[in-house]
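Okay, upload.pdb is below, PDB, C-alpha atoms:
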```pdb
ATOM      1  CA  MET A 297    -109.708 -24.130  44.434  1.00  0.00           C
ATOM      2  CA  LYS A 298    -106.434 -22.183  44.227  1.00  0.00           C
ATOM      3  CA  LYS A 299    -105.719 -23.716  40.813  1.00  0.00           C
ATOM      4  CA  LEU A 300    -109.145 -22.672  39.522  1.00  0.00           C
ATOM      5  CA  THR A 301    -108.630 -19.138  40.820  1.00  0.00           C
ATOM      6  CA  ALA A 302    -105.212 -18.918  39.194  1.00  0.00           C
ATOM      7  CA  LEU A 303    -106.613 -20.227  35.899  1.00  0.00           C
ATOM      8  CA  PHE A 304    -109.462 -17.711  35.987  1.00  0.00           C
ATOM      9  CA  LEU A 305    -107.063 -14.827  36.619  1.00  0.00           C
ATOM     10  CA  ALA A 306    -104.815 -16.003  33.773  1.00  0.00           C
ATOM     11  CA  LEU A 307    -107.779 -16.086  31.376  1.00  0.00           C
ATOM     12  CA  LEU A 308    -108.779 -12.563  32.433  1.00  0.00           C
ATOM     13  CA  LEU A 309    -105.275 -11.282  31.737  1.00  0.00           C
ATOM     14  CA  ILE A 310    -105.230 -12.884  28.282  1.00  0.00           C
ATOM     15  CA  ALA A 311    -108.679 -11.482  27.432  1.00  0.00           C
ATOM     16  CA  SER A 312    -107.753  -7.955  28.521  1.00  0.00           C
ATOM     17  CA  ALA A 313    -104.539  -8.117  26.510  1.00  0.00           C
ATOM     18  CA  LEU A 314    -106.332  -9.246  23.357  1.00  0.00           C
ATOM     19  CA  SER A 315    -109.411  -6.988  23.568  1.00  0.00           C
ATOM     20  CA  PRO A 316    -107.716  -3.857  22.145  1.00  0.00           C
ATOM     21  CA  VAL A 317    -106.534  -5.933  19.177  1.00  0.00           C
ATOM     22  CA  PHE A 318    -110.039  -7.187  18.480  1.00  0.00           C
ATOM     23  CA  ALA A 319    -111.438  -3.673  18.906  1.00  0.00           C
ATOM     24  CA  GLU A 320    -108.925  -2.294  16.401  1.00  0.00           C
ATOM     25  CA  GLU A 321    -109.804  -4.934  13.848  1.00  0.00           C
ATOM     26  CA  THR A 322    -113.561  -4.637  14.138  1.00  0.00           C
ATOM     27  CA  ALA A 323    -114.174  -0.918  14.827  1.00  0.00           C
ATOM     28  CA  PRO A 324    -114.650   0.836  11.469  1.00  0.00           C
ATOM     29  CA  GLU A 325    -113.336   4.324  10.906  1.00  0.00           C
ATOM     30  CA  GLU A 326    -116.277   6.696  11.232  1.00  0.00           C
ATOM     31  CA  PRO A 327    -116.741   8.744   8.046  1.00  0.00           C
ATOM     32  CA  HIS A 328    -117.952  12.330   8.348  1.00  0.00           C
ATOM     33  CA  SER A 329    -120.211  14.352   6.126  1.00  0.00           C
ATOM     34  CA  PRO A 330    -118.766  16.637   3.430  1.00  0.00           C
ATOM     35  CA  ILE A 331    -120.794  19.407   5.117  1.00  0.00           C
ATOM     36  CA  LEU A 332    -119.868  21.159   8.366  1.00  0.00           C
ATOM     37  CA  ILE A 333    -122.183  23.417  10.367  1.00  0.00           C
ATOM     38  CA  ALA A 334    -119.995  25.833  12.354  1.00  0.00           C
ATOM     39  CA  TYR A 335    -121.912  28.159  14.629  1.00  0.00           C
ATOM     40  CA  PHE A 336    -121.662  30.570  17.532  1.00  0.00           C
ATOM     41  CA  SER A 337    -124.591  30.894  19.916  1.00  0.00           C
ATOM     42  CA  ALA A 338    -124.617  33.102  23.002  1.00  0.00           C
ATOM     43  CA  THR A 339    -128.146  32.350  24.221  1.00  0.00           C
ATOM     44  CA  GLY A 340    -128.994  29.042  22.507  1.00  0.00           C
ATOM     45  CA  THR A 341    -131.160  30.444  19.702  1.00  0.00           C
ATOM     46  CA  THR A 342    -128.597  29.979  16.939  1.00  0.00           C
ATOM     47  CA  ARG A 343    -127.649  26.594  18.399  1.00  0.00           C
ATOM     48  CA  GLY A 344    -131.203  25.358  17.935  1.00  0.00           C
ATOM     49  CA  VAL A 345    -131.231  26.355  14.263  1.00  0.00           C
ATOM     50  CA  ALA A 346    -127.751  24.878  13.713  1.00  0.00           C
ATOM     51  CA  GLU A 347    -128.768  21.541  15.206  1.00  0.00           C
ATOM     52  CA  LYS A 348    -131.851  21.394  12.981  1.00  0.00           C
ATOM     53  CA  LEU A 349    -129.788  22.261   9.914  1.00  0.00           C
ATOM     54  CA  ALA A 350    -127.280  19.532  10.770  1.00  0.00           C
ATOM     55  CA  GLU A 351    -130.142  17.056  11.085  1.00  0.00           C
ATOM     56  CA  ALA A 352    -131.751  18.163   7.817  1.00  0.00           C
ATOM     57  CA  LEU A 353    -128.463  17.857   5.893  1.00  0.00           C
ATOM     58  CA  GLU A 354    -126.928  14.986   7.896  1.00  0.00           C
ATOM     59  CA  ALA A 355    -123.979  17.290   8.481  1.00  0.00           C
ATOM     60  CA  ASP A 356    -121.307  17.538  11.166  1.00  0.00           C
ATOM     61  CA  LEU A 357    -121.526  20.186  13.886  1.00  0.00           C
ATOM     62  CA  TYR A 358    -118.858  22.436  15.375  1.00  0.00           C
ATOM     63  CA  GLU A 359    -119.684  25.005  18.035  1.00  0.00           C
ATOM     64  CA  ILE A 360    -117.527  28.130  18.234  1.00  0.00           C
ATOM     65  CA  VAL A 361    -117.205  28.396  22.013  1.00  0.00           C
ATOM     66  CA  PRO A 362    -115.634  31.492  23.598  1.00  0.00           C
ATOM     67  CA  GLU A 363    -112.945  31.007  26.219  1.00  0.00           C
ATOM     68  CA  GLU A 364    -114.841  33.530  28.332  1.00  0.00           C
ATOM     69  CA  ILE A 365    -118.559  32.741  28.220  1.00  0.00           C
ATOM     70  CA  TYR A 366    -120.904  35.699  27.693  1.00  0.00           C
ATOM     71  CA  THR A 367    -123.042  36.602  30.694  1.00  0.00           C
ATOM     72  CA  ASP A 368    -126.419  38.347  30.618  1.00  0.00           C
ATOM     73  CA  ALA A 369    -124.652  41.571  31.561  1.00  0.00           C
ATOM     74  CA  ASP A 370    -122.195  41.084  28.684  1.00  0.00           C
ATOM     75  CA  LEU A 371    -125.131  40.765  26.268  1.00  0.00           C
ATOM     76  CA  ASN A 372    -126.940  43.897  27.464  1.00  0.00           C
ATOM     77  CA  TRP A 373    -127.290  45.909  24.246  1.00  0.00           C
ATOM     78  CA  ASN A 374    -128.734  48.853  26.220  1.00  0.00           C
ATOM     79  CA  ASP A 375    -125.389  49.261  28.008  1.00  0.00           C
ATOM     80  CA  ARG A 376    -122.834  50.851  25.685  1.00  0.00           C
ATOM     81  CA  LYS A 377    -120.119  49.676  28.071  1.00  0.00           C
ATOM     82  CA  SER A 378    -121.186  46.027  28.052  1.00  0.00           C
ATOM     83  CA  ARG A 379    -118.683  43.511  26.730  1.00  0.00           C
ATOM     84  CA  THR A 380    -120.507  42.913  23.460  1.00  0.00           C
ATOM     85  CA  SER A 381    -120.989  46.643  22.891  1.00  0.00           C
ATOM     86  CA  LEU A 382    -117.271  47.274  23.343  1.00  0.00           C
ATOM     87  CA  GLU A 383    -116.350  44.343  21.091  1.00  0.00           C
ATOM     88  CA  THR A 384    -118.687  45.546  18.359  1.00  0.00           C
ATOM     89  CA  ASP A 385    -117.228  49.055  18.572  1.00  0.00           C
ATOM     90  CA  ASP A 386    -113.738  47.596  18.006  1.00  0.00           C
ATOM     91  CA  PRO A 387    -113.458  46.053  14.506  1.00  0.00           C
ATOM     92  CA  ASP A 388    -110.081  44.551  15.434  1.00  0.00           C
ATOM     93  CA  CYS A 389    -111.367  42.731  18.507  1.00  0.00           C
ATOM     94  CA  ARG A 390    -111.012  38.931  18.276  1.00  0.00           C
ATOM     95  CA  PRO A 391    -112.352  37.074  21.351  1.00  0.00           C
ATOM     96  CA  ALA A 392    -110.474  33.832  21.986  1.00  0.00           C
ATOM     97  CA  ILE A 393    -112.036  30.511  20.978  1.00  0.00           C
ATOM     98  CA  ALA A 394    -111.920  27.644  23.472  1.00  0.00           C
ATOM     99  CA  GLY A 395    -110.580  24.239  22.432  1.00  0.00           C
ATOM    100  CA  GLU A 396    -109.231  23.102  19.099  1.00  0.00           C
ATOM    101  CA  LEU A 397    -110.389  24.454  15.774  1.00  0.00           C
ATOM    102  CA  PRO A 398    -111.897  21.906  13.379  1.00  0.00           C
ATOM    103  CA  ASP A 399    -109.867  20.211  10.670  1.00  0.00           C
ATOM    104  CA  LEU A 400    -111.672  21.248   7.484  1.00  0.00           C
ATOM    105  CA  THR A 401    -109.971  18.644   5.306  1.00  0.00           C
ATOM    106  CA  GLY A 402    -112.670  16.652   3.534  1.00  0.00           C
ATOM    107  CA  TYR A 403    -115.373  19.279   3.925  1.00  0.00           C
ATOM    108  CA  ASP A 404    -116.708  20.879   0.748  1.00  0.00           C
ATOM    109  CA  THR A 405    -119.337  23.175   2.238  1.00  0.00           C
ATOM    110  CA  ILE A 406    -119.243  25.122   5.499  1.00  0.00           C
ATOM    111  CA  TYR A 407    -122.438  26.668   6.892  1.00  0.00           C
ATOM    112  CA  ILE A 408    -121.598  29.438   9.351  1.00  0.00           C
ATOM    113  CA  GLY A 409    -124.266  30.466  11.851  1.00  0.00           C
ATOM    114  CA  TYR A 410    -124.352  33.386  14.258  1.00  0.00           C
ATOM    115  CA  PRO A 411    -126.624  35.965  15.902  1.00  0.00           C
ATOM    116  CA  ILE A 412    -126.649  39.490  14.478  1.00  0.00           C
ATOM    117  CA  TRP A 413    -125.130  41.907  16.972  1.00  0.00           C
ATOM    118  CA  TRP A 414    -125.671  45.611  16.290  1.00  0.00           C
ATOM    119  CA  GLY A 415    -126.090  44.896  12.583  1.00  0.00           C
ATOM    120  CA  ASP A 416    -122.859  42.934  12.306  1.00  0.00           C
ATOM    121  CA  VAL A 417    -121.256  39.544  12.935  1.00  0.00           C
ATOM    122  CA  PRO A 418    -119.923  38.778  16.447  1.00  0.00           C
ATOM    123  CA  ARG A 419    -116.160  39.293  16.518  1.00  0.00           C
ATOM    124  CA  ILE A 420    -115.565  35.722  17.663  1.00  0.00           C
ATOM    125  CA  VAL A 421    -116.941  34.487  14.326  1.00  0.00           C
ATOM    126  CA  SER A 422    -114.506  36.814  12.573  1.00  0.00           C
ATOM    127  CA  ASN A 423    -111.765  35.145  14.604  1.00  0.00           C
ATOM    128  CA  PHE A 424    -112.987  31.747  13.411  1.00  0.00           C
ATOM    129  CA  VAL A 425    -112.953  32.529   9.679  1.00  0.00           C
ATOM    130  CA  GLU A 426    -109.511  34.137   9.986  1.00  0.00           C
ATOM    131  CA  SER A 427    -108.132  31.132  11.872  1.00  0.00           C
ATOM    132  CA  VAL A 428    -109.180  28.281   9.553  1.00  0.00           C
ATOM    133  CA  ASP A 429    -108.312  27.615   5.918  1.00  0.00           C
ATOM    134  CA  LEU A 430    -111.384  28.147   3.755  1.00  0.00           C
ATOM    135  CA  THR A 431    -109.557  27.834   0.439  1.00  0.00           C
ATOM    136  CA  ASP A 432    -111.688  26.019  -2.161  1.00  0.00           C
ATOM    137  CA  LYS A 433    -114.602  25.791   0.306  1.00  0.00           C
ATOM    138  CA  THR A 434    -118.168  26.954  -0.265  1.00  0.00           C
ATOM    139  CA  MET A 435    -119.575  29.021   2.608  1.00  0.00           C
ATOM    140  CA  ALA A 436    -123.216  29.805   3.329  1.00  0.00           C
ATOM    141  CA  VAL A 437    -124.209  31.873   6.340  1.00  0.00           C
ATOM    142  CA  PHE A 438    -127.374  31.691   8.405  1.00  0.00           C
ATOM    143  CA  PHE A 439    -128.233  34.023  11.227  1.00  0.00           C
ATOM    144  CA  THR A 440    -130.704  34.734  13.992  1.00  0.00           C
ATOM    145  CA  SER A 441    -131.872  38.113  15.243  1.00  0.00           C
ATOM    146  CA  GLY A 442    -134.747  39.907  16.857  1.00  0.00           C
ATOM    147  CA  GLY A 443    -135.640  41.376  13.480  1.00  0.00           C
ATOM    148  CA  SER A 444    -132.404  42.745  12.040  1.00  0.00           C
ATOM    149  CA  GLY A 445    -131.296  41.737   8.565  1.00  0.00           C
ATOM    150  CA  LEU A 446    -127.974  40.355   7.372  1.00  0.00           C
ATOM    151  CA  GLY A 447    -126.468  43.842   7.109  1.00  0.00           C
ATOM    152  CA  ASN A 448    -122.787  43.783   6.165  1.00  0.00           C
ATOM    153  CA  SER A 449    -122.041  40.745   8.317  1.00  0.00           C
ATOM    154  CA  MET A 450    -121.458  38.284   5.456  1.00  0.00           C
ATOM    155  CA  LYS A 451    -119.528  40.863   3.445  1.00  0.00           C
ATOM    156  CA  HIS A 452    -117.230  41.387   6.425  1.00  0.00           C
ATOM    157  CA  LEU A 453    -116.723  37.651   6.901  1.00  0.00           C
ATOM    158  CA  GLU A 454    -115.867  37.214   3.233  1.00  0.00           C
ATOM    159  CA  GLU A 455    -113.319  40.021   3.454  1.00  0.00           C
ATOM    160  CA  GLN A 456    -111.834  38.619   6.661  1.00  0.00           C
ATOM    161  CA  ALA A 457    -111.556  35.094   5.267  1.00  0.00           C
ATOM    162  CA  GLY A 458    -110.090  36.370   2.018  1.00  0.00           C
ATOM    163  CA  THR A 459    -110.929  33.155   0.191  1.00  0.00           C
ATOM    164  CA  GLY A 460    -113.669  30.672  -0.644  1.00  0.00           C
ATOM    165  CA  LEU A 461    -117.014  30.987  -2.387  1.00  0.00           C
ATOM    166  CA  TRP A 462    -119.590  32.817  -0.248  1.00  0.00           C
ATOM    167  CA  LEU A 463    -123.311  32.355  -0.881  1.00  0.00           C
ATOM    168  CA  GLU A 464    -126.245  34.505   0.160  1.00  0.00           C
ATOM    169  CA  GLY A 465    -127.174  34.277   3.840  1.00  0.00           C
ATOM    170  CA  LYS A 466    -130.610  33.943   5.366  1.00  0.00           C
ATOM    171  CA  ARG A 467    -132.307  34.702   8.679  1.00  0.00           C
ATOM    172  CA  PHE A 468    -134.070  31.889  10.537  1.00  0.00           C
ATOM    173  CA  THR A 469    -136.278  31.811  13.606  1.00  0.00           C
ATOM    174  CA  PRO A 470    -136.261  29.068  16.261  1.00  0.00           C
ATOM    175  CA  GLY A 471    -139.473  27.651  14.766  1.00  0.00           C
ATOM    176  CA  VAL A 472    -137.924  26.876  11.365  1.00  0.00           C
ATOM    177  CA  THR A 473    -138.669  23.334  10.156  1.00  0.00           C
ATOM    178  CA  LEU A 474    -136.292  20.706   8.806  1.00  0.00           C
ATOM    179  CA  GLU A 475    -138.093  20.901   5.467  1.00  0.00           C
ATOM    180  CA  GLU A 476    -137.568  24.669   5.228  1.00  0.00           C
ATOM    181  CA  LEU A 477    -133.878  24.305   6.002  1.00  0.00           C
ATOM    182  CA  ALA A 478    -133.430  21.502   3.486  1.00  0.00           C
ATOM    183  CA  SER A 479    -135.215  23.574   0.831  1.00  0.00           C
ATOM    184  CA  TRP A 480    -132.938  26.550   1.510  1.00  0.00           C
ATOM    185  CA  ALA A 481    -129.842  24.364   1.271  1.00  0.00           C
ATOM    186  CA  GLU A 482    -131.088  22.975  -2.030  1.00  0.00           C
ATOM    187  CA  SER A 483    -131.614  26.476  -3.415  1.00  0.00           C
ATOM    188  CA  LEU A 484    -127.986  27.285  -2.609  1.00  0.00           C
ATOM    189  CA  GLU A 485    -126.811  24.597  -5.008  1.00  0.00           C
ATOM    190  CA  ALA A 486    -128.251  26.603  -7.913  1.00  0.00           C
ATOM    191  CA  LEU A 487    -126.503  29.746  -6.631  1.00  0.00           C
ATOM    192  CA  LYS A 488    -123.236  27.831  -6.377  1.00  0.00           C
ATOM    193  CA  GLU A 489    -123.538  26.599  -9.958  1.00  0.00           C
ATOM    194  CA  GLN A 490    -124.241  30.133 -11.185  1.00  0.00           C
ATOM    195  CA  ALA A 491    -121.259  31.548  -9.274  1.00  0.00           C
ATOM    196  CA  GLU A 492    -118.917  28.863 -10.579  1.00  0.00           C
ATOM    197  CA  ALA A 493    -120.160  29.391 -14.130  1.00  0.00           C
ATOM    198  CA  VAL A 494    -119.020  33.030 -14.161  1.00  0.00           C
ATOM    199  CA  LYS A 495    -115.608  32.360 -12.626  1.00  0.00           C
ATOM    200  CA  PRO A 496    -112.791  33.702 -14.833  1.00  0.00           C
TER     201      PRO A 496
END
```

Please render this file's structure as structure tokens.
Amino acid sequence: MKKLTALFLALLLIASALSPVFAEETAPEEPHSPILIAYFSATGTTRGVAEKLAEALEADLYEIVPEEIYTDADLNWNDRKSRTSLETDDPDCRPAIAGELPDLTGYDTIYIGYPIWWGDVPRIVSNFVESVDLTDKTMAVFFTSGGSGLGNSMKHLEEQAGTGLWLEGKRFTPGVTLEELASWAESLEALKEQAEAVKP
């Protein structure tokens, strides 16, 4: 009985020693899409659109998460002393982003999603575009709002990034369909070709 137990334990040790080797040989490296959906969502609305867009385009997702999460009081646009009001009033404000920034190597197109705050882009998204290298990337923005338009938000992002090809943004509601998102993405390809054709 003791010999059988010893043999069993020896076999277990051998199997555990070899399993990482087998895993390394058989586990393929997971490729990612050439498209990244980077988004900031304070209440979940923009997240829902971003997830649908990622599904429609089979793209990768990256959420821009603030180190200090926004509370309901922070988001109170009726309070001119709320956190978001104060951030919007300060064009140099750059709220910290939690975790690591994405490695954009291998991505050709970056979709950037955000809610419209007081007619502009949330300052944390400005922090994102200033913190990553968007050289030779194509950017398209999408946004959510209670009815506000794009305003100067994309123009400001383009200025803050200082590089890349920026395409016209569009507003989406939570009820947008995968087909509508795919159609919009397809229309951007024509805009990209036109923009590249007039490059000096």

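Between Pro411 in chain A and the candidates A:Leu474, A:Ser483, A:Glu363, A:Gly445, the tightest atom-to-atom separation, counting all atoms listed in the file, involves A:Gly445.
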
**Prompt:** What gap, in Å, lies between CA of Thr459 in chain A and CA of Ser427 in chain A?
**Reply:** 12.2 Å

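Ranking A:Tyr358, A:Lys466, A:Glu383, A:Arg376 by their shortest atom-to-atom distance to Ala346 in chain A, with only C-alpha atoms included, puts A:Tyr358 first.
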
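Among the candidate residues A:Tyr403, A:Tyr335, A:Tyr366, A:Phe438, the one lying nearest to Ala481 in chain A is A:Phe438, with distances computed using all atoms listed in the file.
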
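With all atoms listed in the file as the atoms that count, the minimum distance from Ala355 in chain A to the choices A:His328, A:Arg467, A:Arg343, A:Arg390 is reached by A:His328.
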
**Asked** What do you get, as a PyMOL selection string, if you spell out every residue that the PyMOL selection byres ((chain A and resi 414) around 9) selects here?
**Response** chain A and resi 373+381+384+412-413+415-418+444

**Prompt:** So which residues get picked by the PyMOL selection byres ((chain A and resi 368) around 12) here, written as a ChimeraX atom specification?
**Reply:** /A:338-339,365-367,369-375,378-380

**Message:** Which residues are close to Leu400 in chain A, i.e. within 12 Å by all atoms listed in the file, leaving aside same-chain residues fewer than 6 positions away? Reply as a PyMOL selection string.
**Reply:** chain A and resi 328-334+356-358+406+425+427-434

For the residues in the current selection, export C-alpha atoms as a tab-separated table (two decimals), in the frame of the given file.
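The resulting file, again.tsv, is shown below:
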```
chain	number	residue	atom	x	y	z
A	328	HIS	CA	-117.95	12.33	8.35
A	329	SER	CA	-120.21	14.35	6.13
A	330	PRO	CA	-118.77	16.64	3.43
A	331	ILE	CA	-120.79	19.41	5.12
A	332	LEU	CA	-119.87	21.16	8.37
A	333	ILE	CA	-122.18	23.42	10.37
A	334	ALA	CA	-120.00	25.83	12.35
A	356	ASP	CA	-121.31	17.54	11.17
A	357	LEU	CA	-121.53	20.19	13.89
A	358	TYR	CA	-118.86	22.44	15.38
A	406	ILE	CA	-119.24	25.12	5.50
A	425	VAL	CA	-112.95	32.53	9.68
A	427	SER	CA	-108.13	31.13	11.87
A	428	VAL	CA	-109.18	28.28	9.55
A	429	ASP	CA	-108.31	27.62	5.92
A	430	LEU	CA	-111.38	28.15	3.76
A	431	THR	CA	-109.56	27.83	0.44
A	432	ASP	CA	-111.69	26.02	-2.16
A	433	LYS	CA	-114.60	25.79	0.31
A	434	THR	CA	-118.17	26.95	-0.26
```

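From CA of Glu475 in chain A back to CA of Glu351 in chain A, the distance works out to 10.5 Å.
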